[in-house]
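J.: start-v8.cif (mmCIF, N, CA and C atoms) pasted underneath:
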data_final
#
loop_
_atom_site.label_atom_id
_atom_site.label_comp_id
_atom_site.auth_asym_id
_atom_site.auth_seq_id
_atom_site.Cartn_x
_atom_site.Cartn_y
_atom_site.Cartn_z
N MET A 21 23.62 18.18 37.21
CA MET A 21 23.33 16.78 37.51
C MET A 21 23.00 16.06 36.20
N SER A 22 23.60 14.93 35.97
CA SER A 22 23.35 14.20 34.73
C SER A 22 22.09 13.35 34.85
N ALA A 23 21.47 13.11 33.69
CA ALA A 23 20.24 12.32 33.67
C ALA A 23 20.57 10.85 33.88
N ASN A 24 19.75 10.20 34.67
CA ASN A 24 19.90 8.76 34.88
C ASN A 24 18.84 8.07 34.05
N PHE A 25 19.25 7.47 32.94
CA PHE A 25 18.30 6.88 32.01
C PHE A 25 17.73 5.56 32.49
N THR A 26 18.32 4.94 33.49
CA THR A 26 17.87 3.61 33.89
C THR A 26 17.01 3.60 35.14
N SER A 27 16.73 4.76 35.74
CA SER A 27 15.91 4.76 36.94
C SER A 27 14.45 4.48 36.58
N PRO A 28 13.76 3.71 37.41
CA PRO A 28 12.37 3.39 37.09
C PRO A 28 11.49 4.63 37.18
N SER A 29 10.52 4.69 36.29
CA SER A 29 9.61 5.83 36.28
C SER A 29 8.28 5.41 35.68
N LYS A 30 7.20 5.82 36.33
CA LYS A 30 5.87 5.51 35.82
C LYS A 30 5.58 6.30 34.56
N ASN A 31 6.25 7.43 34.38
CA ASN A 31 6.00 8.29 33.23
C ASN A 31 7.08 8.18 32.16
N ARG A 32 7.83 7.10 32.17
CA ARG A 32 8.93 6.94 31.22
C ARG A 32 8.40 6.90 29.79
N ASP A 33 9.17 7.49 28.90
CA ASP A 33 8.91 7.43 27.47
C ASP A 33 8.88 5.95 27.07
N PRO A 34 7.80 5.49 26.40
CA PRO A 34 7.69 4.06 26.07
C PRO A 34 8.81 3.57 25.14
N ILE A 35 9.33 4.43 24.28
CA ILE A 35 10.42 4.01 23.40
C ILE A 35 11.69 3.79 24.22
N LYS A 36 11.99 4.71 25.12
CA LYS A 36 13.16 4.55 25.98
C LYS A 36 13.01 3.30 26.85
N GLN A 37 11.81 3.09 27.37
CA GLN A 37 11.57 1.92 28.22
C GLN A 37 11.77 0.63 27.43
N ARG A 38 11.35 0.64 26.18
CA ARG A 38 11.51 -0.53 25.31
C ARG A 38 13.00 -0.88 25.16
N LEU A 39 13.84 0.13 25.00
CA LEU A 39 15.29 -0.10 24.88
C LEU A 39 15.85 -0.67 26.18
N ILE A 40 15.47 -0.05 27.29
CA ILE A 40 15.96 -0.50 28.59
C ILE A 40 15.52 -1.93 28.87
N ASP A 41 14.24 -2.23 28.58
CA ASP A 41 13.72 -3.59 28.79
C ASP A 41 14.46 -4.62 27.93
N SER A 42 15.04 -4.18 26.82
CA SER A 42 15.79 -5.07 25.94
C SER A 42 17.25 -5.19 26.35
N GLY A 43 17.62 -4.52 27.44
CA GLY A 43 18.99 -4.60 27.93
C GLY A 43 19.96 -3.68 27.20
N ILE A 44 19.44 -2.65 26.55
CA ILE A 44 20.28 -1.72 25.81
C ILE A 44 20.65 -0.55 26.71
N ASN A 45 21.92 -0.24 26.77
CA ASN A 45 22.39 0.93 27.50
C ASN A 45 21.96 2.17 26.72
N LEU A 46 21.09 2.95 27.30
CA LEU A 46 20.51 4.09 26.59
C LEU A 46 21.47 5.27 26.58
N THR A 47 21.87 5.65 25.36
CA THR A 47 22.67 6.85 25.17
C THR A 47 21.82 7.88 24.45
N ARG A 48 22.28 9.10 24.44
CA ARG A 48 21.54 10.17 23.75
C ARG A 48 21.33 9.81 22.28
N GLN A 49 22.39 9.34 21.61
CA GLN A 49 22.28 9.04 20.19
C GLN A 49 21.37 7.84 19.93
N ARG A 50 21.44 6.81 20.76
CA ARG A 50 20.53 5.68 20.59
C ARG A 50 19.09 6.11 20.79
N GLY A 51 18.87 7.00 21.75
CA GLY A 51 17.52 7.52 21.98
C GLY A 51 16.99 8.29 20.79
N ILE A 52 17.84 9.11 20.18
CA ILE A 52 17.44 9.89 19.00
C ILE A 52 17.11 8.96 17.85
N ILE A 53 17.96 7.96 17.62
CA ILE A 53 17.73 7.00 16.54
C ILE A 53 16.44 6.23 16.80
N ALA A 54 16.24 5.75 18.02
CA ALA A 54 15.04 4.99 18.36
C ALA A 54 13.78 5.83 18.19
N ASN A 55 13.80 7.08 18.63
CA ASN A 55 12.62 7.93 18.49
C ASN A 55 12.25 8.13 17.03
N THR A 56 13.25 8.28 16.17
CA THR A 56 12.98 8.45 14.74
C THR A 56 12.49 7.15 14.12
N LEU A 57 13.14 6.05 14.46
CA LEU A 57 12.81 4.75 13.86
C LEU A 57 11.45 4.23 14.32
N PHE A 58 11.15 4.39 15.61
CA PHE A 58 9.92 3.82 16.16
C PHE A 58 8.76 4.81 16.21
N ALA A 59 8.90 5.96 15.58
CA ALA A 59 7.81 6.94 15.54
C ALA A 59 6.58 6.35 14.86
N ARG A 60 6.81 5.42 13.94
CA ARG A 60 5.72 4.73 13.23
C ARG A 60 6.28 3.45 12.65
N ASN A 61 5.41 2.54 12.23
CA ASN A 61 5.88 1.35 11.54
C ASN A 61 6.39 1.78 10.17
N GLN A 62 7.63 1.45 9.88
CA GLN A 62 8.23 1.87 8.61
C GLN A 62 9.36 0.94 8.22
N HIS A 63 9.68 0.98 6.93
CA HIS A 63 10.81 0.24 6.38
C HIS A 63 11.81 1.28 5.92
N VAL A 64 13.02 1.26 6.47
CA VAL A 64 14.04 2.22 6.07
C VAL A 64 15.37 1.51 5.88
N THR A 65 16.18 2.05 4.99
CA THR A 65 17.57 1.61 4.91
C THR A 65 18.36 2.42 5.92
N ALA A 66 19.57 2.00 6.20
CA ALA A 66 20.42 2.77 7.11
C ALA A 66 20.66 4.17 6.54
N GLU A 67 20.86 4.25 5.24
CA GLU A 67 21.08 5.55 4.59
C GLU A 67 19.86 6.45 4.74
N GLN A 68 18.66 5.89 4.53
CA GLN A 68 17.44 6.68 4.68
C GLN A 68 17.28 7.18 6.10
N LEU A 69 17.55 6.33 7.07
CA LEU A 69 17.45 6.73 8.47
C LEU A 69 18.46 7.83 8.78
N TYR A 70 19.67 7.69 8.27
CA TYR A 70 20.70 8.71 8.46
C TYR A 70 20.24 10.06 7.90
N GLU A 71 19.64 10.04 6.71
CA GLU A 71 19.12 11.27 6.09
C GLU A 71 17.97 11.85 6.91
N MET A 72 17.08 11.00 7.41
CA MET A 72 15.97 11.47 8.25
C MET A 72 16.52 12.18 9.49
N LEU A 73 17.53 11.59 10.09
CA LEU A 73 18.13 12.19 11.29
C LEU A 73 18.79 13.52 10.96
N ASN A 74 19.50 13.58 9.84
CA ASN A 74 20.13 14.84 9.42
C ASN A 74 19.10 15.94 9.20
N GLN A 75 17.96 15.58 8.62
CA GLN A 75 16.92 16.57 8.35
C GLN A 75 16.34 17.16 9.63
N THR A 76 16.42 16.42 10.72
CA THR A 76 15.91 16.94 12.00
C THR A 76 16.99 17.70 12.76
N GLY A 77 18.20 17.73 12.21
CA GLY A 77 19.29 18.43 12.88
C GLY A 77 20.03 17.58 13.90
N ALA A 78 19.70 16.29 13.96
CA ALA A 78 20.38 15.40 14.91
C ALA A 78 21.83 15.21 14.48
N ARG A 79 22.70 15.20 15.44
CA ARG A 79 24.13 15.02 15.17
C ARG A 79 24.50 13.57 15.50
N VAL A 80 24.32 12.72 14.49
CA VAL A 80 24.60 11.29 14.65
C VAL A 80 25.42 10.86 13.43
N SER A 81 26.51 10.17 13.67
CA SER A 81 27.35 9.73 12.55
C SER A 81 26.71 8.54 11.84
N LYS A 82 27.12 8.35 10.60
CA LYS A 82 26.62 7.22 9.81
C LYS A 82 27.01 5.90 10.48
N ALA A 83 28.23 5.83 11.02
CA ALA A 83 28.68 4.61 11.70
C ALA A 83 27.80 4.31 12.91
N THR A 84 27.39 5.35 13.64
CA THR A 84 26.52 5.15 14.80
C THR A 84 25.16 4.62 14.37
N VAL A 85 24.64 5.11 13.24
CA VAL A 85 23.36 4.62 12.72
C VAL A 85 23.49 3.13 12.40
N TYR A 86 24.52 2.74 11.66
CA TYR A 86 24.71 1.33 11.31
C TYR A 86 24.89 0.46 12.55
N ASN A 87 25.74 0.91 13.48
CA ASN A 87 25.98 0.13 14.70
C ASN A 87 24.72 -0.01 15.55
N THR A 88 23.95 1.06 15.65
CA THR A 88 22.72 1.03 16.46
C THR A 88 21.68 0.14 15.81
N LEU A 89 21.54 0.20 14.49
CA LEU A 89 20.61 -0.69 13.82
C LEU A 89 21.01 -2.15 14.04
N GLY A 90 22.29 -2.45 13.96
CA GLY A 90 22.77 -3.81 14.23
C GLY A 90 22.43 -4.26 15.64
N LEU A 91 22.59 -3.37 16.60
CA LEU A 91 22.24 -3.67 17.99
C LEU A 91 20.74 -3.92 18.12
N PHE A 92 19.93 -3.07 17.50
CA PHE A 92 18.47 -3.23 17.57
C PHE A 92 18.04 -4.56 16.94
N VAL A 93 18.71 -4.96 15.86
CA VAL A 93 18.40 -6.26 15.23
C VAL A 93 18.75 -7.39 16.19
N ARG A 94 19.95 -7.35 16.77
CA ARG A 94 20.38 -8.42 17.69
C ARG A 94 19.46 -8.53 18.90
N LYS A 95 18.91 -7.41 19.35
CA LYS A 95 18.02 -7.41 20.51
C LYS A 95 16.56 -7.69 20.13
N GLY A 96 16.28 -7.87 18.84
CA GLY A 96 14.93 -8.20 18.40
C GLY A 96 13.98 -7.03 18.33
N LEU A 97 14.49 -5.82 18.31
CA LEU A 97 13.63 -4.64 18.25
C LEU A 97 13.21 -4.28 16.83
N VAL A 98 14.06 -4.61 15.86
CA VAL A 98 13.74 -4.38 14.46
C VAL A 98 14.08 -5.63 13.68
N ARG A 99 13.46 -5.77 12.52
CA ARG A 99 13.76 -6.89 11.63
C ARG A 99 14.63 -6.38 10.49
N GLU A 100 15.61 -7.17 10.14
CA GLU A 100 16.50 -6.86 9.03
C GLU A 100 15.98 -7.61 7.81
N ILE A 101 15.68 -6.88 6.75
CA ILE A 101 15.13 -7.47 5.53
C ILE A 101 16.16 -7.31 4.42
N PHE A 102 16.77 -8.42 4.00
CA PHE A 102 17.78 -8.39 2.93
C PHE A 102 17.08 -8.44 1.58
N ILE A 103 17.35 -7.45 0.75
CA ILE A 103 16.80 -7.44 -0.60
C ILE A 103 17.83 -8.01 -1.57
N ASP A 104 19.03 -7.50 -1.51
CA ASP A 104 20.15 -8.01 -2.30
C ASP A 104 21.44 -7.55 -1.62
N ALA A 105 22.56 -7.81 -2.26
CA ALA A 105 23.85 -7.50 -1.63
C ALA A 105 24.04 -6.02 -1.33
N SER A 106 23.30 -5.17 -2.03
CA SER A 106 23.49 -3.73 -1.83
C SER A 106 22.33 -3.04 -1.11
N ARG A 107 21.29 -3.77 -0.75
CA ARG A 107 20.13 -3.13 -0.14
C ARG A 107 19.56 -3.97 0.99
N THR A 108 19.52 -3.37 2.17
CA THR A 108 18.92 -3.98 3.35
C THR A 108 17.99 -2.96 3.98
N PHE A 109 16.78 -3.40 4.30
CA PHE A 109 15.83 -2.55 5.00
C PHE A 109 15.77 -2.96 6.47
N TYR A 110 15.38 -2.02 7.30
CA TYR A 110 15.14 -2.27 8.72
C TYR A 110 13.67 -1.95 8.96
N ASP A 111 12.96 -2.93 9.50
CA ASP A 111 11.52 -2.83 9.68
C ASP A 111 11.23 -2.59 11.16
N SER A 112 10.62 -1.45 11.46
CA SER A 112 10.34 -1.13 12.87
C SER A 112 9.17 -1.94 13.41
N ASN A 113 8.43 -2.61 12.54
CA ASN A 113 7.38 -3.54 12.97
C ASN A 113 8.03 -4.92 13.04
N ASN A 114 8.40 -5.35 14.24
CA ASN A 114 9.13 -6.60 14.36
C ASN A 114 8.24 -7.83 14.48
N SER A 115 6.92 -7.66 14.31
CA SER A 115 6.05 -8.84 14.27
C SER A 115 6.33 -9.58 12.96
N HIS A 116 6.07 -10.88 12.97
CA HIS A 116 6.39 -11.67 11.78
C HIS A 116 5.39 -11.37 10.67
N HIS A 117 5.90 -10.91 9.54
CA HIS A 117 5.09 -10.65 8.36
C HIS A 117 5.99 -10.67 7.13
N HIS A 118 5.39 -10.66 5.96
CA HIS A 118 6.12 -10.77 4.71
C HIS A 118 6.04 -9.45 3.95
N HIS A 119 6.77 -9.39 2.82
CA HIS A 119 6.89 -8.12 2.11
C HIS A 119 6.84 -8.28 0.59
N PHE A 120 6.34 -7.23 -0.06
CA PHE A 120 6.53 -7.01 -1.49
C PHE A 120 7.66 -6.01 -1.62
N TYR A 121 8.56 -6.24 -2.57
CA TYR A 121 9.59 -5.25 -2.88
C TYR A 121 9.40 -4.83 -4.32
N ASN A 122 9.12 -3.55 -4.54
CA ASN A 122 8.93 -3.02 -5.89
C ASN A 122 10.30 -2.66 -6.45
N VAL A 123 10.74 -3.41 -7.45
CA VAL A 123 12.08 -3.19 -8.01
C VAL A 123 12.17 -1.87 -8.78
N ASP A 124 11.03 -1.35 -9.23
CA ASP A 124 11.03 -0.08 -9.96
C ASP A 124 11.10 1.12 -9.04
N THR A 125 10.41 1.05 -7.91
CA THR A 125 10.36 2.21 -7.00
C THR A 125 11.29 2.07 -5.80
N GLY A 126 11.70 0.84 -5.49
CA GLY A 126 12.52 0.62 -4.30
C GLY A 126 11.72 0.57 -3.02
N ASP A 127 10.38 0.52 -3.13
CA ASP A 127 9.52 0.49 -1.94
C ASP A 127 9.38 -0.93 -1.40
N LEU A 128 9.35 -1.04 -0.09
CA LEU A 128 9.08 -2.30 0.60
C LEU A 128 7.72 -2.16 1.27
N ILE A 129 6.81 -3.10 0.98
CA ILE A 129 5.41 -2.98 1.42
C ILE A 129 5.03 -4.26 2.15
N ASP A 130 4.33 -4.12 3.26
CA ASP A 130 3.87 -5.29 4.01
C ASP A 130 2.85 -6.08 3.20
N VAL A 131 2.92 -7.41 3.31
CA VAL A 131 1.98 -8.32 2.65
C VAL A 131 0.95 -8.75 3.68
N LYS A 132 -0.29 -8.85 3.26
CA LYS A 132 -1.33 -9.41 4.12
C LYS A 132 -1.01 -10.88 4.35
N ASP A 133 -1.09 -11.34 5.59
CA ASP A 133 -0.68 -12.69 5.94
C ASP A 133 -1.37 -13.79 5.14
N ARG A 134 -2.64 -13.62 4.82
CA ARG A 134 -3.35 -14.67 4.10
C ARG A 134 -2.67 -14.99 2.77
N LEU A 135 -2.20 -13.97 2.08
CA LEU A 135 -1.56 -14.17 0.79
C LEU A 135 -0.29 -15.00 0.93
N ALA A 136 0.49 -14.73 1.92
CA ALA A 136 1.78 -15.40 2.09
C ALA A 136 1.62 -16.90 2.33
N HIS A 137 0.54 -17.32 2.98
CA HIS A 137 0.36 -18.73 3.28
C HIS A 137 0.21 -19.58 2.02
N HIS A 138 -0.22 -18.99 0.92
CA HIS A 138 -0.33 -19.74 -0.33
C HIS A 138 1.04 -20.18 -0.84
N PHE A 139 2.07 -19.45 -0.50
CA PHE A 139 3.41 -19.77 -0.97
C PHE A 139 4.09 -20.83 -0.11
N VAL A 140 3.52 -21.17 1.01
CA VAL A 140 4.16 -22.08 1.96
C VAL A 140 3.46 -23.44 1.97
N ASP A 141 2.56 -23.66 1.07
CA ASP A 141 1.79 -24.90 1.03
C ASP A 141 2.57 -25.98 0.28
N GLN A 142 3.71 -26.34 0.80
CA GLN A 142 4.56 -27.34 0.17
C GLN A 142 5.07 -28.29 1.24
N GLU A 143 5.28 -29.54 0.85
CA GLU A 143 5.79 -30.53 1.79
C GLU A 143 7.22 -30.19 2.19
N LEU A 144 7.50 -30.32 3.46
CA LEU A 144 8.85 -30.06 3.96
C LEU A 144 9.74 -31.27 3.70
N PRO A 145 11.04 -31.05 3.54
CA PRO A 145 11.95 -32.19 3.39
C PRO A 145 11.88 -33.09 4.62
N GLU A 146 12.07 -34.37 4.41
CA GLU A 146 12.01 -35.34 5.49
C GLU A 146 13.01 -34.98 6.58
N GLY A 147 12.56 -35.11 7.83
CA GLY A 147 13.43 -34.85 8.97
C GLY A 147 13.56 -33.38 9.33
N THR A 148 12.71 -32.54 8.73
CA THR A 148 12.77 -31.10 9.04
C THR A 148 11.43 -30.63 9.58
N ALA A 149 11.45 -29.51 10.24
CA ALA A 149 10.24 -28.87 10.75
C ALA A 149 10.29 -27.39 10.39
N MET A 150 9.13 -26.81 10.23
CA MET A 150 9.05 -25.39 9.89
C MET A 150 9.62 -24.56 11.04
N ASP A 151 10.50 -23.66 10.72
CA ASP A 151 11.05 -22.73 11.72
C ASP A 151 10.42 -21.37 11.50
N VAL A 152 10.78 -20.72 10.43
CA VAL A 152 10.27 -19.39 10.12
C VAL A 152 10.23 -19.25 8.61
N VAL A 153 9.26 -18.53 8.13
CA VAL A 153 9.17 -18.25 6.70
C VAL A 153 9.25 -16.74 6.54
N ASP A 154 10.26 -16.30 5.82
CA ASP A 154 10.40 -14.88 5.49
C ASP A 154 10.34 -14.75 3.99
N LEU A 155 9.30 -14.11 3.50
CA LEU A 155 9.15 -13.93 2.07
C LEU A 155 9.33 -12.47 1.69
N VAL A 156 10.10 -12.25 0.64
CA VAL A 156 10.14 -10.95 -0.02
C VAL A 156 9.78 -11.24 -1.47
N ILE A 157 8.62 -10.78 -1.87
CA ILE A 157 8.12 -11.02 -3.22
C ILE A 157 8.45 -9.80 -4.05
N ARG A 158 9.26 -10.01 -5.08
CA ARG A 158 9.65 -8.89 -5.94
C ARG A 158 8.56 -8.63 -6.97
N VAL A 159 8.18 -7.38 -7.09
CA VAL A 159 7.18 -6.97 -8.07
C VAL A 159 7.76 -5.81 -8.87
N LYS A 160 7.15 -5.53 -10.01
CA LYS A 160 7.55 -4.37 -10.79
C LYS A 160 6.29 -3.69 -11.30
N ASN A 161 6.42 -2.44 -11.67
CA ASN A 161 5.28 -1.68 -12.16
C ASN A 161 4.84 -2.21 -13.51
N ASN A 162 3.53 -2.20 -13.74
CA ASN A 162 3.01 -2.54 -15.06
C ASN A 162 3.41 -1.45 -16.03
N THR A 163 3.82 -1.85 -17.22
CA THR A 163 4.13 -0.86 -18.25
C THR A 163 3.13 -1.04 -19.37
N SER A 164 2.54 0.05 -19.79
CA SER A 164 1.57 -0.04 -20.88
C SER A 164 2.24 0.37 -22.18
N ALA A 165 1.89 -0.34 -23.24
CA ALA A 165 2.52 -0.09 -24.55
C ALA A 165 1.96 1.12 -25.22
#
If you convert what's in this file into structure tokens, what do you get?
T.:
Amino acid sequence: MSANFTSPSKNRDPIKQRLIDSGINLTRQRGIIANTLFARNQHVTAEQLYEMLNQTGARVSKATVYNTLGLFVRKGLVREIFIDASRTFYDSNNSHHHHFYNVDTGDLIDVKDRLAHHFVDQELPEGTAMDVVDLVIRVKNNTSA
């Protein structure tokens, strides 16, 4: 008998339920990707997530990782953070917040909200209203002489 992923259950895995509530057809591979991605709040590239999955022995293709991340972004489950043309992070914490990107280490770090508001204290162009502010502040390591 095959598993029915969409039947209601009081004991349903909260990650699987989150996918179902978002209207995502739950497949084995999407479930594996979601469990790895949502295990904790983290910033990962598609390549990093693919490597994490490989290390656990999961059999998921790179194309499936990219397609699933795109689906999760469209459904609002993860945030897509563009660093440059060659680097995009996926943030499993989809609440609105800003980031530091360390150009030396490649790390993406959450910014405390109070700090970000200092950068938004500017008059808006006439006839516009604030929609969303997404900041990625690039930092680099201090080098001592």
J.: What does the distance between atom CA of A:Gly90 and atom CA of A:Ile52 come to in Å, to one decimal place?
T.: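 Computed distance, atom CA of A:Gly90 to atom CA of A:Ile52, equals 15.5 Å.
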J.: Around stretch 115-127 of chain A, fit a box with edges along x, y and z, padding it by 4 Å on each side, then list its centre and edge lengths in Å to one decimal as lines of an AutoDock Vina configuration file.
T.:
center_x = 8.8
center_y = -4.7
center_z = 2.2
size_x = 15.4
size_y = 21.9
size_z = 32.3
J.: Which value, in Å to one decimal, gives the distance between atom CA of A:Val98 and atom CA of A:Ser115?
T.: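 Rounded to one decimal, the two atoms are 8.9 Å apart.
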J.: If you run DSSP on the backbone, which residues of chain A are helix (DSSP H, G or I), as a ChimeraX atom specification?
T.: /A:34-41,48-57,66-75,82-94,133-140
J.: Could you pull out every residue with an atom within 6.5 Å of (21.5, 3.1, 9.9), file coordinates, counting only N, CA and C atoms, and send them as an MDAnalysis selection string?
T.: chainID A and resid 65:67 69:70 82 84:87 89
J.: I need every residue sitting at most 8 Å from the point (12.7, -14.6, 9.2) (coordinates as in the file, only N, CA and C atoms considered), written as JSON, numbers by chain.
T.: {"A": [100, 116, 117, 151, 152, 153, 154, 155]}
J.: Show me, as a PyMOL selection string, the residues that have an atom within 8 Å of stretch 161-163 of chain A when counting all atoms listed in the file, minus same-chain residues fewer than 6 positions from it.
T.: chain A and resi 122-125
J.: Residues of stretch 75-154 of chain A in strand (DSSP E or B) according to DSSP, as JSON, numbers by chain?
T.: {"A": [99, 100, 101, 102, 103, 104, 107, 108, 109, 110, 111, 118, 119, 120, 121, 122, 128, 129, 130, 131]}
J.: Give me a file of those residues, with N, CA and C atoms, as a PDB file, in the coordinates of the input.
T.:
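The file below, result28.pdb, is the result:
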ATOM      1  N   ARG A  99      13.460  -5.770  12.520  1.00  0.00           N
ATOM      2  CA  ARG A  99      13.760  -6.890  11.630  1.00  0.00           C
ATOM      3  C   ARG A  99      14.630  -6.380  10.490  1.00  0.00           C
ATOM      4  N   GLU A 100      15.610  -7.170  10.140  1.00  0.00           N
ATOM      5  CA  GLU A 100      16.500  -6.860   9.030  1.00  0.00           C
ATOM      6  C   GLU A 100      15.980  -7.610   7.810  1.00  0.00           C
ATOM      7  N   ILE A 101      15.680  -6.880   6.750  1.00  0.00           N
ATOM      8  CA  ILE A 101      15.130  -7.470   5.530  1.00  0.00           C
ATOM      9  C   ILE A 101      16.160  -7.310   4.420  1.00  0.00           C
ATOM     10  N   PHE A 102      16.770  -8.420   4.000  1.00  0.00           N
ATOM     11  CA  PHE A 102      17.780  -8.390   2.930  1.00  0.00           C
ATOM     12  C   PHE A 102      17.080  -8.440   1.580  1.00  0.00           C
ATOM     13  N   ILE A 103      17.350  -7.450   0.750  1.00  0.00           N
ATOM     14  CA  ILE A 103      16.800  -7.440  -0.600  1.00  0.00           C
ATOM     15  C   ILE A 103      17.830  -8.010  -1.570  1.00  0.00           C
ATOM     16  N   ASP A 104      19.030  -7.500  -1.510  1.00  0.00           N
ATOM     17  CA  ASP A 104      20.150  -8.010  -2.300  1.00  0.00           C
ATOM     18  C   ASP A 104      21.440  -7.550  -1.620  1.00  0.00           C
ATOM     19  N   ARG A 107      21.290  -3.770  -0.750  1.00  0.00           N
ATOM     20  CA  ARG A 107      20.130  -3.130  -0.140  1.00  0.00           C
ATOM     21  C   ARG A 107      19.560  -3.970   0.990  1.00  0.00           C
ATOM     22  N   THR A 108      19.520  -3.370   2.170  1.00  0.00           N
ATOM     23  CA  THR A 108      18.920  -3.980   3.350  1.00  0.00           C
ATOM     24  C   THR A 108      17.990  -2.960   3.980  1.00  0.00           C
ATOM     25  N   PHE A 109      16.780  -3.400   4.300  1.00  0.00           N
ATOM     26  CA  PHE A 109      15.830  -2.550   5.000  1.00  0.00           C
ATOM     27  C   PHE A 109      15.770  -2.960   6.470  1.00  0.00           C
ATOM     28  N   TYR A 110      15.380  -2.020   7.300  1.00  0.00           N
ATOM     29  CA  TYR A 110      15.140  -2.270   8.720  1.00  0.00           C
ATOM     30  C   TYR A 110      13.670  -1.950   8.960  1.00  0.00           C
ATOM     31  N   ASP A 111      12.960  -2.930   9.500  1.00  0.00           N
ATOM     32  CA  ASP A 111      11.520  -2.830   9.680  1.00  0.00           C
ATOM     33  C   ASP A 111      11.230  -2.590  11.160  1.00  0.00           C
ATOM     34  N   HIS A 118       5.390 -10.660   5.960  1.00  0.00           N
ATOM     35  CA  HIS A 118       6.120 -10.770   4.710  1.00  0.00           C
ATOM     36  C   HIS A 118       6.040  -9.450   3.950  1.00  0.00           C
ATOM     37  N   HIS A 119       6.770  -9.390   2.820  1.00  0.00           N
ATOM     38  CA  HIS A 119       6.890  -8.120   2.110  1.00  0.00           C
ATOM     39  C   HIS A 119       6.840  -8.280   0.590  1.00  0.00           C
ATOM     40  N   PHE A 120       6.340  -7.230  -0.060  1.00  0.00           N
ATOM     41  CA  PHE A 120       6.530  -7.010  -1.490  1.00  0.00           C
ATOM     42  C   PHE A 120       7.660  -6.010  -1.620  1.00  0.00           C
ATOM     43  N   TYR A 121       8.560  -6.240  -2.570  1.00  0.00           N
ATOM     44  CA  TYR A 121       9.590  -5.250  -2.880  1.00  0.00           C
ATOM     45  C   TYR A 121       9.400  -4.830  -4.320  1.00  0.00           C
ATOM     46  N   ASN A 122       9.120  -3.550  -4.540  1.00  0.00           N
ATOM     47  CA  ASN A 122       8.930  -3.020  -5.890  1.00  0.00           C
ATOM     48  C   ASN A 122      10.300  -2.660  -6.450  1.00  0.00           C
ATOM     49  N   LEU A 128       9.350  -1.040  -0.090  1.00  0.00           N
ATOM     50  CA  LEU A 128       9.080  -2.300   0.600  1.00  0.00           C
ATOM     51  C   LEU A 128       7.720  -2.160   1.270  1.00  0.00           C
ATOM     52  N   ILE A 129       6.810  -3.100   0.980  1.00  0.00           N
ATOM     53  CA  ILE A 129       5.410  -2.980   1.420  1.00  0.00           C
ATOM     54  C   ILE A 129       5.030  -4.260   2.150  1.00  0.00           C
ATOM     55  N   ASP A 130       4.330  -4.120   3.260  1.00  0.00           N
ATOM     56  CA  ASP A 130       3.870  -5.290   4.010  1.00  0.00           C
ATOM     57  C   ASP A 130       2.850  -6.080   3.200  1.00  0.00           C
ATOM     58  N   VAL A 131       2.920  -7.410   3.310  1.00  0.00           N
ATOM     59  CA  VAL A 131       1.980  -8.320   2.650  1.00  0.00           C
ATOM     60  C   VAL A 131       0.950  -8.750   3.680  1.00  0.00           C
TER      61      VAL A 131
END
J.: So which residues get picked by the PyMOL selection byres (((chain A and resi 158 and name CA) around 7) and name CA) here, written as an mmCIF file with N, CA and C atoms, in the coordinates of the input?
T.:
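And here is the file that came out, part.cif:
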data_model
loop_
_atom_site.group_PDB
_atom_site.id
_atom_site.type_symbol
_atom_site.label_atom_id
_atom_site.label_comp_id
_atom_site.auth_asym_id
_atom_site.auth_seq_id
_atom_site.Cartn_x
_atom_site.Cartn_y
_atom_site.Cartn_z
ATOM 1 N N PHE A 120 6.340 -7.230 -0.060
ATOM 2 C CA PHE A 120 6.530 -7.010 -1.490
ATOM 3 C C PHE A 120 7.660 -6.010 -1.620
ATOM 4 N N TYR A 121 8.560 -6.240 -2.570
ATOM 5 C CA TYR A 121 9.590 -5.250 -2.880
ATOM 6 C C TYR A 121 9.400 -4.830 -4.320
ATOM 7 N N ASN A 122 9.120 -3.550 -4.540
ATOM 8 C CA ASN A 122 8.930 -3.020 -5.890
ATOM 9 C C ASN A 122 10.300 -2.660 -6.450
ATOM 10 N N VAL A 123 10.740 -3.410 -7.450
ATOM 11 C CA VAL A 123 12.080 -3.190 -8.010
ATOM 12 C C VAL A 123 12.170 -1.870 -8.780
ATOM 13 N N VAL A 156 10.100 -12.250 0.640
ATOM 14 C CA VAL A 156 10.140 -10.950 -0.020
ATOM 15 C C VAL A 156 9.780 -11.240 -1.470
ATOM 16 N N ILE A 157 8.620 -10.780 -1.870
ATOM 17 C CA ILE A 157 8.120 -11.020 -3.220
ATOM 18 C C ILE A 157 8.450 -9.800 -4.050
ATOM 19 N N VAL A 159 8.180 -7.380 -7.090
ATOM 20 C CA VAL A 159 7.180 -6.970 -8.070
ATOM 21 C C VAL A 159 7.760 -5.810 -8.870
ATOM 22 N N LYS A 160 7.150 -5.530 -10.010
ATOM 23 C CA LYS A 160 7.550 -4.370 -10.790
ATOM 24 C C LYS A 160 6.290 -3.690 -11.300
#
J.: How many Å lie between atom C of A:Gln37 and atom N of A:Gly77, rounded to one decimal?
T.: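 Between atom C of A:Gln37 and atom N of A:Gly77 the gap is 23.8 Å.
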J.: Which of these residues is nearest to A:Gly43, using only C-alpha atoms: A:Leu73, A:Ser112, A:Val80, A:Leu91?
T.: A:Leu91
J.: Kindly resolve the PyMOL selection byres ((chain A and resi 57-61) around 8) on the present coordinates and return the residues as a PyMOL selection string.
T.: chain A and resi 35+51-56+62-64+69+111-114
J.: Convert the output of the PyMOL selection byres ((chain A and resi 40-42) around 8) on the shown file into explicit residues, formatted as a ChimeraX atom specification.
T.: /A:25-26,34-39,43-46,95-97
